[in-house]
Protein chains: 2
Amino acid sequence: MQLGSIEAGGTKFVCAIGNEDYRIQDMTVFPTTTPAETLQKCIDYFKKFPEMKALSISSFGPIEIRVHNPKYGYITDTPKKGWSNTDFLGTIKRALKVPTSWTTDVNGSAYGEYILATLFNEHIHSLTYYTIGTGVGAGTVIDGHFVGELGHPEVGHIRLKRHPDDLDFKGICPFHGDCLEGLVSGPTFQARCGKSGRDVPLTDHVWDIMAYYVAQAALNTTLMIRPAKIVFGGGVVSEAFLKKVRAQFAELMNDYVEVGPLDKYITMPLAKNNGSATVGNFALALKNYDRQG
Amino acid sequence: MQLGSIEAGGTKFVCAIGNEDYRIQDMTVFPTTTPAETLQKCIDYFKKFPEMKALSISSFGPIEIRVHNPKYGYITDTPKKGWSNTDFLGTIKRALKVPTSWTTDVNGSAYGEYILATLFNEHIHSLTYYTIGTGVGAGTVIDGHFVGELGHPEVGHIRLKRHPDDLDFKGICPFHGDCLEGLVSGPTFQARCGKSGRDVPLTDHVWDIMAYYVAQAALNTTLMIRPAKIVFGGGVVSEAFLKKVRAQFAELMNDYVEVGPLDKYITMPLAKNNGSATVGNFALALKNYDRQG
């Protein structure tokens, strides 16, 4: 069976066709331009696959995910120029006429990692997925359902204890200054060091400061939700960085609650090449198709 | 139908008999002494009600709530002297031989408030309940299920941004110093002001500092879980204090996500006289009985 995936990012869109094994059969990538042009490219792509039975969209946001809201399926009030108040889901459904799921990019990735963990026999029932890149966000799946009643989570904007060596940095979030995103998103390297993160060696103390905040994000998630696993993706994250995060997490937790071996609990994605959301989309499309069938 | 409730606190136990309308028909309160003596008092009390069909326990902790764990039903590694490694649930079930539910005190309260909200036609599907008293904890219910796979949440120990006028206070948590509980539990008044909270007028700036931290707890809960409602109970909380919390929450959120009218979103319990856990226990006992019947 052919299933479709749209991973809609602020910089680029990834459209893919896969099957019930969640394997990619065909894929295309194009830059995010205007809504009209970008969504038309999605439509043109999927029209080449008339056998596609269901589709799923994981989108940058904020988006409206409450099914009974008149704006369900819209990108709402986004800083991405031209995209506020875009009827993304409606435009796609009217053109392609297949059952189409709709959630956030990080929820899609969380679902993909949840499904992959199951396929790898990890026997977990809950998972939180963080992306730390241009922005910071997270999605949580519990027993196959996304967490969030009044809307999707916006974990990038939680507040944290400031690192003693970082008190002078005001943070770069235009809404909150020193929220999580304002302290650890990719562009904070430019703001703190005057250069891109990829040019800052991991031995630089700024990476310890970053790890301290990301460890607090993992700590607060653990203490609030107690998921079975926390996965970190996005451009800022590497296995070497997560080693630092685990060390700071252990110090902050001080053996207060058990989470099992830390290298299994705080991990990189199972999906390679940032593919978590595509796997999640295939699985969500299939689930939606099965429910309607 | 007669249903039983044990609200097990570190200071006192409340045992009650109620019905399917969650109304209390009989109640007793006694101090928490040794496990043997205290649990025997529970057993003696409920033996007077041979018609009781099911029972629910909401206990102080930490407790083991994972059903497949050999220590399921135990109070585990608690600072409460003499109570570590107590088979609370097993002792009660062997003596009373009725279906018995088992969860944390704050989960019990969260469930009670969730049920009461439904009875009051609030049409909500999720809720977080905080207690701010001798300790700080929270439980979250989503669609009738408690959040927490690796164990119950321990929200009292999340880290927060420090208030600029409170940077010299080290916090009183023996595990973490300035976690949420270390900053806002009842005994912090003694540590900060040298007197009990009830002797500190609400005009004192220390209450603004408290409200700043409690508002961050509400903010981080909102951004991580997006529940429909956050309820605050416990000795430190009053409606006048929550007014301060709401004002700080609004400032911290800066209109980033919508939560509806704040006085409906951040609220005192619907149950009077700290009765949330008893209502929750009756409802959980009934649910467990229905499932087994």
# chains A, B, ... in the order shown; residues from 1 in each chain; ligands from 1

$ interface_residues --of "chain A" --to "chain B" --cutoff "7 Å" --atoms "only C-alpha atoms" --output "short mmCIF file (atom, residue, chain, number, x, y, z; two decimals) with C-alpha atoms, in the first residue's frame"
data_model
loop_
_atom_site.label_atom_id
_atom_site.label_comp_id
_atom_site.auth_asym_id
_atom_site.auth_seq_id
_atom_site.Cartn_x
_atom_site.Cartn_y
_atom_site.Cartn_z
CA SER A 126 5.66 6.64 26.00
CA VAL A 147 -0.16 14.88 24.69
CA GLY A 148 -1.95 18.24 24.48
CA GLU A 149 -5.62 19.17 24.92
CA LEU A 150 -5.70 22.98 24.58
CA GLY A 151 -3.26 22.72 21.67
CA HIS A 152 0.13 21.20 20.99
CA PRO A 153 2.96 21.56 23.51
CA GLU A 154 5.37 24.49 23.16
CA VAL A 155 8.17 23.08 25.27
CA HIS A 157 9.41 28.19 25.96
CA ILE A 158 9.72 26.65 29.45
CA ARG A 159 11.86 28.53 31.96
CA LEU A 160 14.99 27.05 33.52
CA LYS A 161 17.55 27.79 36.18
CA ARG A 162 20.30 29.92 34.67
CA PHE A 175 8.73 36.58 23.29
CA GLN A 216 17.19 20.57 32.70
CA LEU A 219 14.98 16.57 33.91
CA ASN A 220 11.77 18.61 33.95
CA LEU A 223 9.70 14.72 36.58
CA MET A 224 6.47 15.91 34.92
CA ILE A 225 5.74 13.09 32.48
CA ARG A 226 7.99 10.11 33.37
CA PRO A 227 8.22 8.94 29.74
CA ALA A 228 10.09 5.72 28.97
CA ASN A 254 20.97 13.26 42.21
CA VAL A 259 15.19 6.10 34.64
#

$ select_by_dssp --residues "stretch 37-249 of chain B" --states "strand (DSSP E)" --output "PyMOL selection string"
chain B and resi 52-59+74-75+86-87+100-104+126-132+136-142+145-146+230-233

$ residues_around --residues "B:Thr203" --least-positions-apart "3" --cutoff "12 Å" --atoms "only C-alpha atoms" --output "VMD selection string"
chain B and resid 199 to 200 206 to 209 240 to 241 244

$ write_last_selection --atoms "N, CA, C and O atoms" --output "PDB file, in the first residue's frame"
ATOM      1  N   ASP B 199       1.867  33.428  59.404  1.00  0.00           N
ATOM      2  CA  ASP B 199       2.174  34.681  60.103  1.00  0.00           C
ATOM      3  C   ASP B 199       2.823  35.711  59.171  1.00  0.00           C
ATOM      4  O   ASP B 199       3.248  36.772  59.625  1.00  0.00           O
ATOM      5  N   VAL B 200       2.906  35.376  57.883  1.00  0.00           N
ATOM      6  CA  VAL B 200       3.501  36.315  56.915  1.00  0.00           C
ATOM      7  C   VAL B 200       2.368  36.922  56.092  1.00  0.00           C
ATOM      8  O   VAL B 200       1.690  36.211  55.355  1.00  0.00           O
ATOM      9  N   VAL B 206       7.800  38.350  49.967  1.00  0.00           N
ATOM     10  CA  VAL B 206       8.105  36.926  49.836  1.00  0.00           C
ATOM     11  C   VAL B 206       6.981  36.186  49.112  1.00  0.00           C
ATOM     12  O   VAL B 206       7.220  35.227  48.373  1.00  0.00           O
ATOM     13  N   TRP B 207       5.754  36.667  49.238  1.00  0.00           N
ATOM     14  CA  TRP B 207       4.627  36.042  48.531  1.00  0.00           C
ATOM     15  C   TRP B 207       4.709  36.274  47.019  1.00  0.00           C
ATOM     16  O   TRP B 207       4.269  35.437  46.224  1.00  0.00           O
ATOM     17  N   ASP B 208       5.280  37.414  46.606  1.00  0.00           N
ATOM     18  CA  ASP B 208       5.478  37.641  45.167  1.00  0.00           C
ATOM     19  C   ASP B 208       6.528  36.673  44.621  1.00  0.00           C
ATOM     20  O   ASP B 208       6.407  36.172  43.499  1.00  0.00           O
ATOM     21  N   ILE B 209       7.559  36.436  45.437  1.00  0.00           N
ATOM     22  CA  ILE B 209       8.612  35.501  45.036  1.00  0.00           C
ATOM     23  C   ILE B 209       8.030  34.090  44.918  1.00  0.00           C
ATOM     24  O   ILE B 209       8.263  33.378  43.937  1.00  0.00           O
ATOM     25  N   ALA B 240      -6.407  34.326  47.179  1.00  0.00           N
ATOM     26  CA  ALA B 240      -5.641  35.582  47.097  1.00  0.00           C
ATOM     27  C   ALA B 240      -4.229  35.319  46.554  1.00  0.00           C
ATOM     28  O   ALA B 240      -3.712  36.117  45.757  1.00  0.00           O
ATOM     29  N   PHE B 241      -3.628  34.208  46.965  1.00  0.00           N
ATOM     30  CA  PHE B 241      -2.300  33.854  46.450  1.00  0.00           C
ATOM     31  C   PHE B 241      -2.376  33.522  44.962  1.00  0.00           C
ATOM     32  O   PHE B 241      -1.531  33.939  44.166  1.00  0.00           O
ATOM     33  N   LYS B 244      -2.101  36.371  42.589  1.00  0.00           N
ATOM     34  CA  LYS B 244      -0.706  36.744  42.302  1.00  0.00           C
ATOM     35  C   LYS B 244      -0.081  35.791  41.279  1.00  0.00           C
ATOM     36  O   LYS B 244       0.670  36.204  40.395  1.00  0.00           O
TER      37      LYS B 244
END

$ closest_residue --among "B:Pro261, B:Gly275, B:Gly61, B:Gly135" --to "B:Leu180" --atoms "only C-alpha atoms"
B:Gly135

$ select_by_dssp --residues "stretch 13-197 of chain A" --states "helix (DSSP H, G or I)" --output "mmCIF file with N, CA and C atoms, in the first residue's frame"
data_model
loop_
_atom_site.group_PDB
_atom_site.id
_atom_site.type_symbol
_atom_site.label_atom_id
_atom_site.label_comp_id
_atom_site.auth_asym_id
_atom_site.auth_seq_id
_atom_site.Cartn_x
_atom_site.Cartn_y
_atom_site.Cartn_z
ATOM 1 N N PRO A 35 3.123 30.015 0.615
ATOM 2 C CA PRO A 35 2.210 28.889 0.828
ATOM 3 C C PRO A 35 1.631 28.368 -0.490
ATOM 4 N N ALA A 36 1.171 29.267 -1.375
ATOM 5 C CA ALA A 36 0.530 28.829 -2.626
ATOM 6 C C ALA A 36 1.489 27.966 -3.441
ATOM 7 N N GLU A 37 2.698 28.454 -3.634
ATOM 8 C CA GLU A 37 3.670 27.741 -4.458
ATOM 9 C C GLU A 37 4.103 26.428 -3.796
ATOM 10 N N THR A 38 4.361 26.482 -2.496
ATOM 11 C CA THR A 38 4.900 25.313 -1.796
ATOM 12 C C THR A 38 3.856 24.199 -1.707
ATOM 13 N N LEU A 39 2.610 24.571 -1.386
ATOM 14 C CA LEU A 39 1.576 23.538 -1.276
ATOM 15 C C LEU A 39 1.251 22.961 -2.658
ATOM 16 N N GLN A 40 1.335 23.817 -3.703
ATOM 17 C CA GLN A 40 1.092 23.297 -5.057
ATOM 18 C C GLN A 40 2.155 22.258 -5.435
ATOM 19 N N LYS A 41 3.397 22.498 -5.013
ATOM 20 C CA LYS A 41 4.455 21.512 -5.278
ATOM 21 C C LYS A 41 4.166 20.180 -4.590
ATOM 22 N N CYS A 42 3.623 20.256 -3.386
ATOM 23 C CA CYS A 42 3.233 19.019 -2.683
ATOM 24 C C CYS A 42 2.168 18.279 -3.495
ATOM 25 N N ILE A 43 1.162 19.036 -3.918
ATOM 26 C CA ILE A 43 0.036 18.436 -4.645
ATOM 27 C C ILE A 43 0.516 17.802 -5.949
ATOM 28 N N ASP A 44 1.331 18.564 -6.691
ATOM 29 C CA ASP A 44 1.862 18.047 -7.967
ATOM 30 C C ASP A 44 2.648 16.756 -7.741
ATOM 31 N N TYR A 45 3.431 16.734 -6.645
ATOM 32 C CA TYR A 45 4.234 15.543 -6.348
ATOM 33 C C TYR A 45 3.334 14.327 -6.103
ATOM 34 N N PHE A 46 2.358 14.483 -5.229
ATOM 35 C CA PHE A 46 1.552 13.307 -4.859
ATOM 36 C C PHE A 46 0.585 12.875 -5.963
ATOM 37 N N LYS A 47 0.253 13.794 -6.885
ATOM 38 C CA LYS A 47 -0.604 13.404 -8.015
ATOM 39 C C LYS A 47 0.073 12.368 -8.901
ATOM 40 N N PHE A 88 -3.547 24.787 5.472
ATOM 41 C CA PHE A 88 -2.635 23.773 4.930
ATOM 42 C C PHE A 88 -3.394 22.461 4.675
ATOM 43 N N LEU A 89 -4.005 21.921 5.711
ATOM 44 C CA LEU A 89 -4.676 20.624 5.589
ATOM 45 C C LEU A 89 -5.816 20.672 4.574
ATOM 46 N N GLY A 90 -6.636 21.725 4.636
ATOM 47 C CA GLY A 90 -7.782 21.841 3.730
ATOM 48 C C GLY A 90 -7.341 21.897 2.269
ATOM 49 N N THR A 91 -6.299 22.669 1.998
ATOM 50 C CA THR A 91 -5.776 22.808 0.630
ATOM 51 C C THR A 91 -5.330 21.447 0.088
ATOM 52 N N ILE A 92 -4.618 20.704 0.915
ATOM 53 C CA ILE A 92 -4.108 19.398 0.500
ATOM 54 C C ILE A 92 -5.261 18.401 0.301
ATOM 55 N N LYS A 93 -6.199 18.389 1.263
ATOM 56 C CA LYS A 93 -7.297 17.406 1.193
ATOM 57 C C LYS A 93 -8.197 17.647 -0.022
ATOM 58 N N ARG A 94 -8.488 18.918 -0.286
ATOM 59 C CA ARG A 94 -9.352 19.231 -1.428
ATOM 60 C C ARG A 94 -8.706 18.782 -2.743
ATOM 61 N N ALA A 95 -7.394 18.889 -2.824
ATOM 62 C CA ALA A 95 -6.707 18.541 -4.072
ATOM 63 C C ALA A 95 -6.472 17.037 -4.211
ATOM 64 N N LEU A 96 -6.185 16.367 -3.114
ATOM 65 C CA LEU A 96 -5.728 14.971 -3.224
ATOM 66 C C LEU A 96 -6.791 13.943 -2.832
ATOM 67 N N ASP A 105 5.484 19.037 13.539
ATOM 68 C CA ASP A 105 6.724 18.364 13.130
ATOM 69 C C ASP A 105 7.291 17.494 14.256
ATOM 70 N N VAL A 106 7.330 18.040 15.467
ATOM 71 C CA VAL A 106 7.905 17.258 16.575
ATOM 72 C C VAL A 106 6.993 16.110 17.016
ATOM 73 N N ASN A 107 5.682 16.293 16.911
ATOM 74 C CA ASN A 107 4.784 15.161 17.183
ATOM 75 C C ASN A 107 5.005 14.051 16.155
ATOM 76 N N GLY A 108 5.140 14.442 14.888
ATOM 77 C CA GLY A 108 5.407 13.446 13.846
ATOM 78 C C GLY A 108 6.690 12.685 14.134
ATOM 79 N N SER A 109 7.733 13.407 14.533
ATOM 80 C CA SER A 109 9.004 12.757 14.855
ATOM 81 C C SER A 109 8.859 11.871 16.092
ATOM 82 N N ALA A 110 8.143 12.361 17.095
ATOM 83 C CA ALA A 110 7.932 11.564 18.315
ATOM 84 C C ALA A 110 7.225 10.257 17.956
ATOM 85 N N TYR A 111 6.236 10.356 17.082
ATOM 86 C CA TYR A 111 5.493 9.149 16.704
ATOM 87 C C TYR A 111 6.380 8.185 15.929
ATOM 88 N N GLY A 112 7.213 8.720 15.038
ATOM 89 C CA GLY A 112 8.145 7.876 14.287
ATOM 90 C C GLY A 112 9.092 7.127 15.216
ATOM 91 N N GLU A 113 9.638 7.824 16.192
ATOM 92 C CA GLU A 113 10.569 7.186 17.127
ATOM 93 C C GLU A 113 9.857 6.165 18.025
ATOM 94 N N TYR A 114 8.609 6.468 18.350
ATOM 95 C CA TYR A 114 7.783 5.554 19.156
ATOM 96 C C TYR A 114 7.543 4.247 18.386
ATOM 97 N N ILE A 115 7.222 4.393 17.104
ATOM 98 C CA ILE A 115 6.989 3.226 16.248
ATOM 99 C C ILE A 115 8.281 2.433 16.055
ATOM 100 N N LEU A 116 9.381 3.124 15.797
ATOM 101 C CA LEU A 116 10.660 2.444 15.593
ATOM 102 C C LEU A 116 11.090 1.712 16.871
ATOM 103 N N ALA A 117 10.881 2.335 18.026
ATOM 104 C CA ALA A 117 11.232 1.678 19.296
ATOM 105 C C ALA A 117 10.453 0.374 19.425
ATOM 106 N N THR A 118 9.182 0.396 19.045
ATOM 107 C CA THR A 118 8.353 -0.812 19.088
ATOM 108 C C THR A 118 8.908 -1.870 18.137
ATOM 109 N N LEU A 119 9.271 -1.437 16.924
ATOM 110 C CA LEU A 119 9.831 -2.383 15.946
ATOM 111 C C LEU A 119 11.149 -2.978 16.442
ATOM 112 N N VAL A 155 7.191 23.315 24.227
ATOM 113 C CA VAL A 155 8.173 23.079 25.275
ATOM 114 C C VAL A 155 9.390 23.998 25.132
ATOM 115 N N GLY A 156 9.595 24.527 23.927
ATOM 116 C CA GLY A 156 10.713 25.436 23.716
ATOM 117 C C GLY A 156 10.686 26.656 24.619
ATOM 118 N N HIS A 157 9.521 26.932 25.223
ATOM 119 C CA HIS A 157 9.409 28.190 25.956
ATOM 120 C C HIS A 157 9.319 28.024 27.469
ATOM 121 N N PRO A 164 25.368 29.545 36.226
ATOM 122 C CA PRO A 164 26.085 30.655 36.882
ATOM 123 C C PRO A 164 27.072 31.381 35.958
ATOM 124 N N ASP A 165 27.610 30.705 34.958
ATOM 125 C CA ASP A 165 28.566 31.352 34.038
ATOM 126 C C ASP A 165 27.881 31.977 32.824
ATOM 127 N N ASP A 166 26.543 32.049 32.861
ATOM 128 C CA ASP A 166 25.803 32.498 31.679
ATOM 129 C C ASP A 166 24.790 33.573 32.053
ATOM 130 N N LEU A 180 13.937 28.219 27.199
ATOM 131 C CA LEU A 180 14.789 27.152 26.651
ATOM 132 C C LEU A 180 15.266 27.479 25.230
ATOM 133 N N GLU A 181 14.334 27.830 24.354
ATOM 134 C CA GLU A 181 14.702 28.158 22.972
ATOM 135 C C GLU A 181 15.617 29.372 22.898
ATOM 136 N N GLY A 182 15.350 30.341 23.760
ATOM 137 C CA GLY A 182 16.158 31.553 23.800
ATOM 138 C C GLY A 182 17.571 31.307 24.298
ATOM 139 N N LEU A 183 17.777 30.139 24.942
ATOM 140 C CA LEU A 183 19.089 29.816 25.518
ATOM 141 C C LEU A 183 19.876 28.777 24.727
ATOM 142 N N VAL A 184 19.182 27.869 23.996
ATOM 143 C CA VAL A 184 19.918 26.749 23.378
ATOM 144 C C VAL A 184 19.636 26.510 21.897
ATOM 145 N N THR A 188 21.713 30.770 19.020
ATOM 146 C CA THR A 188 22.331 31.309 20.247
ATOM 147 C C THR A 188 23.853 31.277 20.147
ATOM 148 N N PHE A 189 24.411 30.384 19.313
ATOM 149 C CA PHE A 189 25.873 30.370 19.149
ATOM 150 C C PHE A 189 26.352 31.694 18.560
ATOM 151 N N GLN A 190 25.642 32.153 17.537
ATOM 152 C CA GLN A 190 25.991 33.431 16.926
ATOM 153 C C GLN A 190 25.910 34.535 17.989
ATOM 154 N N ALA A 191 24.838 34.489 18.804
ATOM 155 C CA ALA A 191 24.626 35.545 19.798
ATOM 156 C C ALA A 191 25.683 35.490 20.914
ATOM 157 N N ARG A 192 26.079 34.278 21.332
ATOM 158 C CA ARG A 192 27.040 34.166 22.445
ATOM 159 C C ARG A 192 28.487 34.267 21.972
ATOM 160 N N CYS A 193 28.800 33.617 20.818
ATOM 161 C CA CYS A 193 30.208 33.451 20.408
ATOM 162 C C CYS A 193 30.556 34.227 19.137
ATOM 163 N N GLY A 197 27.504 27.494 15.440
ATOM 164 C CA GLY A 197 27.788 26.389 16.357
ATOM 165 C C GLY A 197 28.765 25.381 15.782
#

$ decode --residues "stretch 58-85 of chain A" --atoms "N, CA and C atoms" --output "PDB file, in the first residue's frame"
ATOM      1  N   SER A  58       3.270  16.538   8.930  1.00  0.00           N
ATOM      2  CA  SER A  58       3.871  17.011  10.184  1.00  0.00           C
ATOM      3  C   SER A  58       4.462  18.382   9.888  1.00  0.00           C
ATOM      4  N   SER A  59       3.899  19.394  10.498  1.00  0.00           N
ATOM      5  CA  SER A  59       4.198  20.764  10.066  1.00  0.00           C
ATOM      6  C   SER A  59       4.852  21.621  11.139  1.00  0.00           C
ATOM      7  N   PHE A  60       5.671  22.578  10.696  1.00  0.00           N
ATOM      8  CA  PHE A  60       6.112  23.660  11.587  1.00  0.00           C
ATOM      9  C   PHE A  60       4.871  24.426  12.038  1.00  0.00           C
ATOM     10  N   GLY A  61       5.011  25.258  13.052  1.00  0.00           N
ATOM     11  CA  GLY A  61       3.823  25.856  13.638  1.00  0.00           C
ATOM     12  C   GLY A  61       4.066  27.274  14.101  1.00  0.00           C
ATOM     13  N   PRO A  62       3.226  27.738  15.014  1.00  0.00           N
ATOM     14  CA  PRO A  62       2.138  26.978  15.644  1.00  0.00           C
ATOM     15  C   PRO A  62       1.035  26.613  14.649  1.00  0.00           C
ATOM     16  N   ILE A  63       0.372  25.492  14.939  1.00  0.00           N
ATOM     17  CA  ILE A  63      -0.726  25.023  14.094  1.00  0.00           C
ATOM     18  C   ILE A  63      -1.944  24.718  14.964  1.00  0.00           C
ATOM     19  N   GLU A  64      -3.109  24.667  14.334  1.00  0.00           N
ATOM     20  CA  GLU A  64      -4.327  24.326  15.077  1.00  0.00           C
ATOM     21  C   GLU A  64      -4.574  22.825  14.943  1.00  0.00           C
ATOM     22  N   ILE A  65      -4.547  22.129  16.082  1.00  0.00           N
ATOM     23  CA  ILE A  65      -4.714  20.669  16.057  1.00  0.00           C
ATOM     24  C   ILE A  65      -6.010  20.221  16.715  1.00  0.00           C
ATOM     25  N   ARG A  66      -6.785  21.176  17.243  1.00  0.00           N
ATOM     26  CA  ARG A  66      -8.039  20.777  17.898  1.00  0.00           C
ATOM     27  C   ARG A  66      -9.095  20.542  16.821  1.00  0.00           C
ATOM     28  N   VAL A  67      -9.535  19.291  16.711  1.00  0.00           N
ATOM     29  CA  VAL A  67     -10.372  18.857  15.586  1.00  0.00           C
ATOM     30  C   VAL A  67     -11.651  19.691  15.459  1.00  0.00           C
ATOM     31  N   HIS A  68     -12.221  20.121  16.592  1.00  0.00           N
ATOM     32  CA  HIS A  68     -13.497  20.824  16.524  1.00  0.00           C
ATOM     33  C   HIS A  68     -13.334  22.336  16.343  1.00  0.00           C
ATOM     34  N   ASN A  69     -12.106  22.805  16.228  1.00  0.00           N
ATOM     35  CA  ASN A  69     -11.882  24.232  16.022  1.00  0.00           C
ATOM     36  C   ASN A  69     -12.070  24.562  14.534  1.00  0.00           C
ATOM     37  N   PRO A  70     -12.739  25.684  14.218  1.00  0.00           N
ATOM     38  CA  PRO A  70     -12.947  26.036  12.797  1.00  0.00           C
ATOM     39  C   PRO A  70     -11.627  26.180  12.033  1.00  0.00           C
ATOM     40  N   LYS A  71     -10.546  26.473  12.734  1.00  0.00           N
ATOM     41  CA  LYS A  71      -9.244  26.637  12.079  1.00  0.00           C
ATOM     42  C   LYS A  71      -8.417  25.352  12.112  1.00  0.00           C
ATOM     43  N   TYR A  72      -9.050  24.224  12.426  1.00  0.00           N
ATOM     44  CA  TYR A  72      -8.324  22.953  12.418  1.00  0.00           C
ATOM     45  C   TYR A  72      -7.635  22.756  11.067  1.00  0.00           C
ATOM     46  N   GLY A  73      -6.351  22.405  11.137  1.00  0.00           N
ATOM     47  CA  GLY A  73      -5.620  22.187   9.893  1.00  0.00           C
ATOM     48  C   GLY A  73      -4.857  23.412   9.398  1.00  0.00           C
ATOM     49  N   TYR A  74      -5.032  24.547  10.103  1.00  0.00           N
ATOM     50  CA  TYR A  74      -4.342  25.781   9.709  1.00  0.00           C
ATOM     51  C   TYR A  74      -2.981  25.906  10.402  1.00  0.00           C
ATOM     52  N   ILE A  75      -2.038  26.520   9.705  1.00  0.00           N
ATOM     53  CA  ILE A  75      -0.917  27.162  10.393  1.00  0.00           C
ATOM     54  C   ILE A  75      -1.476  28.473  10.921  1.00  0.00           C
ATOM     55  N   THR A  76      -1.295  28.749  12.205  1.00  0.00           N
ATOM     56  CA  THR A  76      -1.981  29.903  12.800  1.00  0.00           C
ATOM     57  C   THR A  76      -1.092  31.142  12.751  1.00  0.00           C
ATOM     58  N   ASP A  77      -0.581  31.565  13.906  1.00  0.00           N
ATOM     59  CA  ASP A  77       0.061  32.871  13.987  1.00  0.00           C
ATOM     60  C   ASP A  77       1.577  32.677  14.019  1.00  0.00           C
ATOM     61  N   THR A  78       2.162  32.374  12.870  1.00  0.00           N
ATOM     62  CA  THR A  78       3.574  31.988  12.829  1.00  0.00           C
ATOM     63  C   THR A  78       4.468  33.184  12.485  1.00  0.00           C
ATOM     64  N   PRO A  79       5.679  33.201  13.042  1.00  0.00           N
ATOM     65  CA  PRO A  79       6.659  34.221  12.620  1.00  0.00           C
ATOM     66  C   PRO A  79       7.131  34.034  11.171  1.00  0.00           C
ATOM     67  N   LYS A  80       6.891  32.852  10.565  1.00  0.00           N
ATOM     68  CA  LYS A  80       7.325  32.583   9.183  1.00  0.00           C
ATOM     69  C   LYS A  80       6.498  33.434   8.223  1.00  0.00           C
ATOM     70  N   LYS A  81       7.185  34.340   7.522  1.00  0.00           N
ATOM     71  CA  LYS A  81       6.525  35.378   6.719  1.00  0.00           C
ATOM     72  C   LYS A  81       5.582  34.773   5.666  1.00  0.00           C
ATOM     73  N   GLY A  82       4.319  35.256   5.639  1.00  0.00           N
ATOM     74  CA  GLY A  82       3.368  34.845   4.629  1.00  0.00           C
ATOM     75  C   GLY A  82       2.556  33.610   4.990  1.00  0.00           C
ATOM     76  N   TRP A  83       2.972  32.902   6.043  1.00  0.00           N
ATOM     77  CA  TRP A  83       2.344  31.622   6.344  1.00  0.00           C
ATOM     78  C   TRP A  83       1.262  31.678   7.422  1.00  0.00           C
ATOM     79  N   SER A  84       1.114  32.816   8.105  1.00  0.00           N
ATOM     80  CA  SER A  84       0.079  32.886   9.138  1.00  0.00           C
ATOM     81  C   SER A  84      -1.286  32.682   8.498  1.00  0.00           C
ATOM     82  N   ASN A  85      -2.152  31.951   9.212  1.00  0.00           N
ATOM     83  CA  ASN A  85      -3.528  31.743   8.772  1.00  0.00           C
ATOM     84  C   ASN A  85      -3.621  31.017   7.424  1.00  0.00           C
TER      85      ASN A  85
END
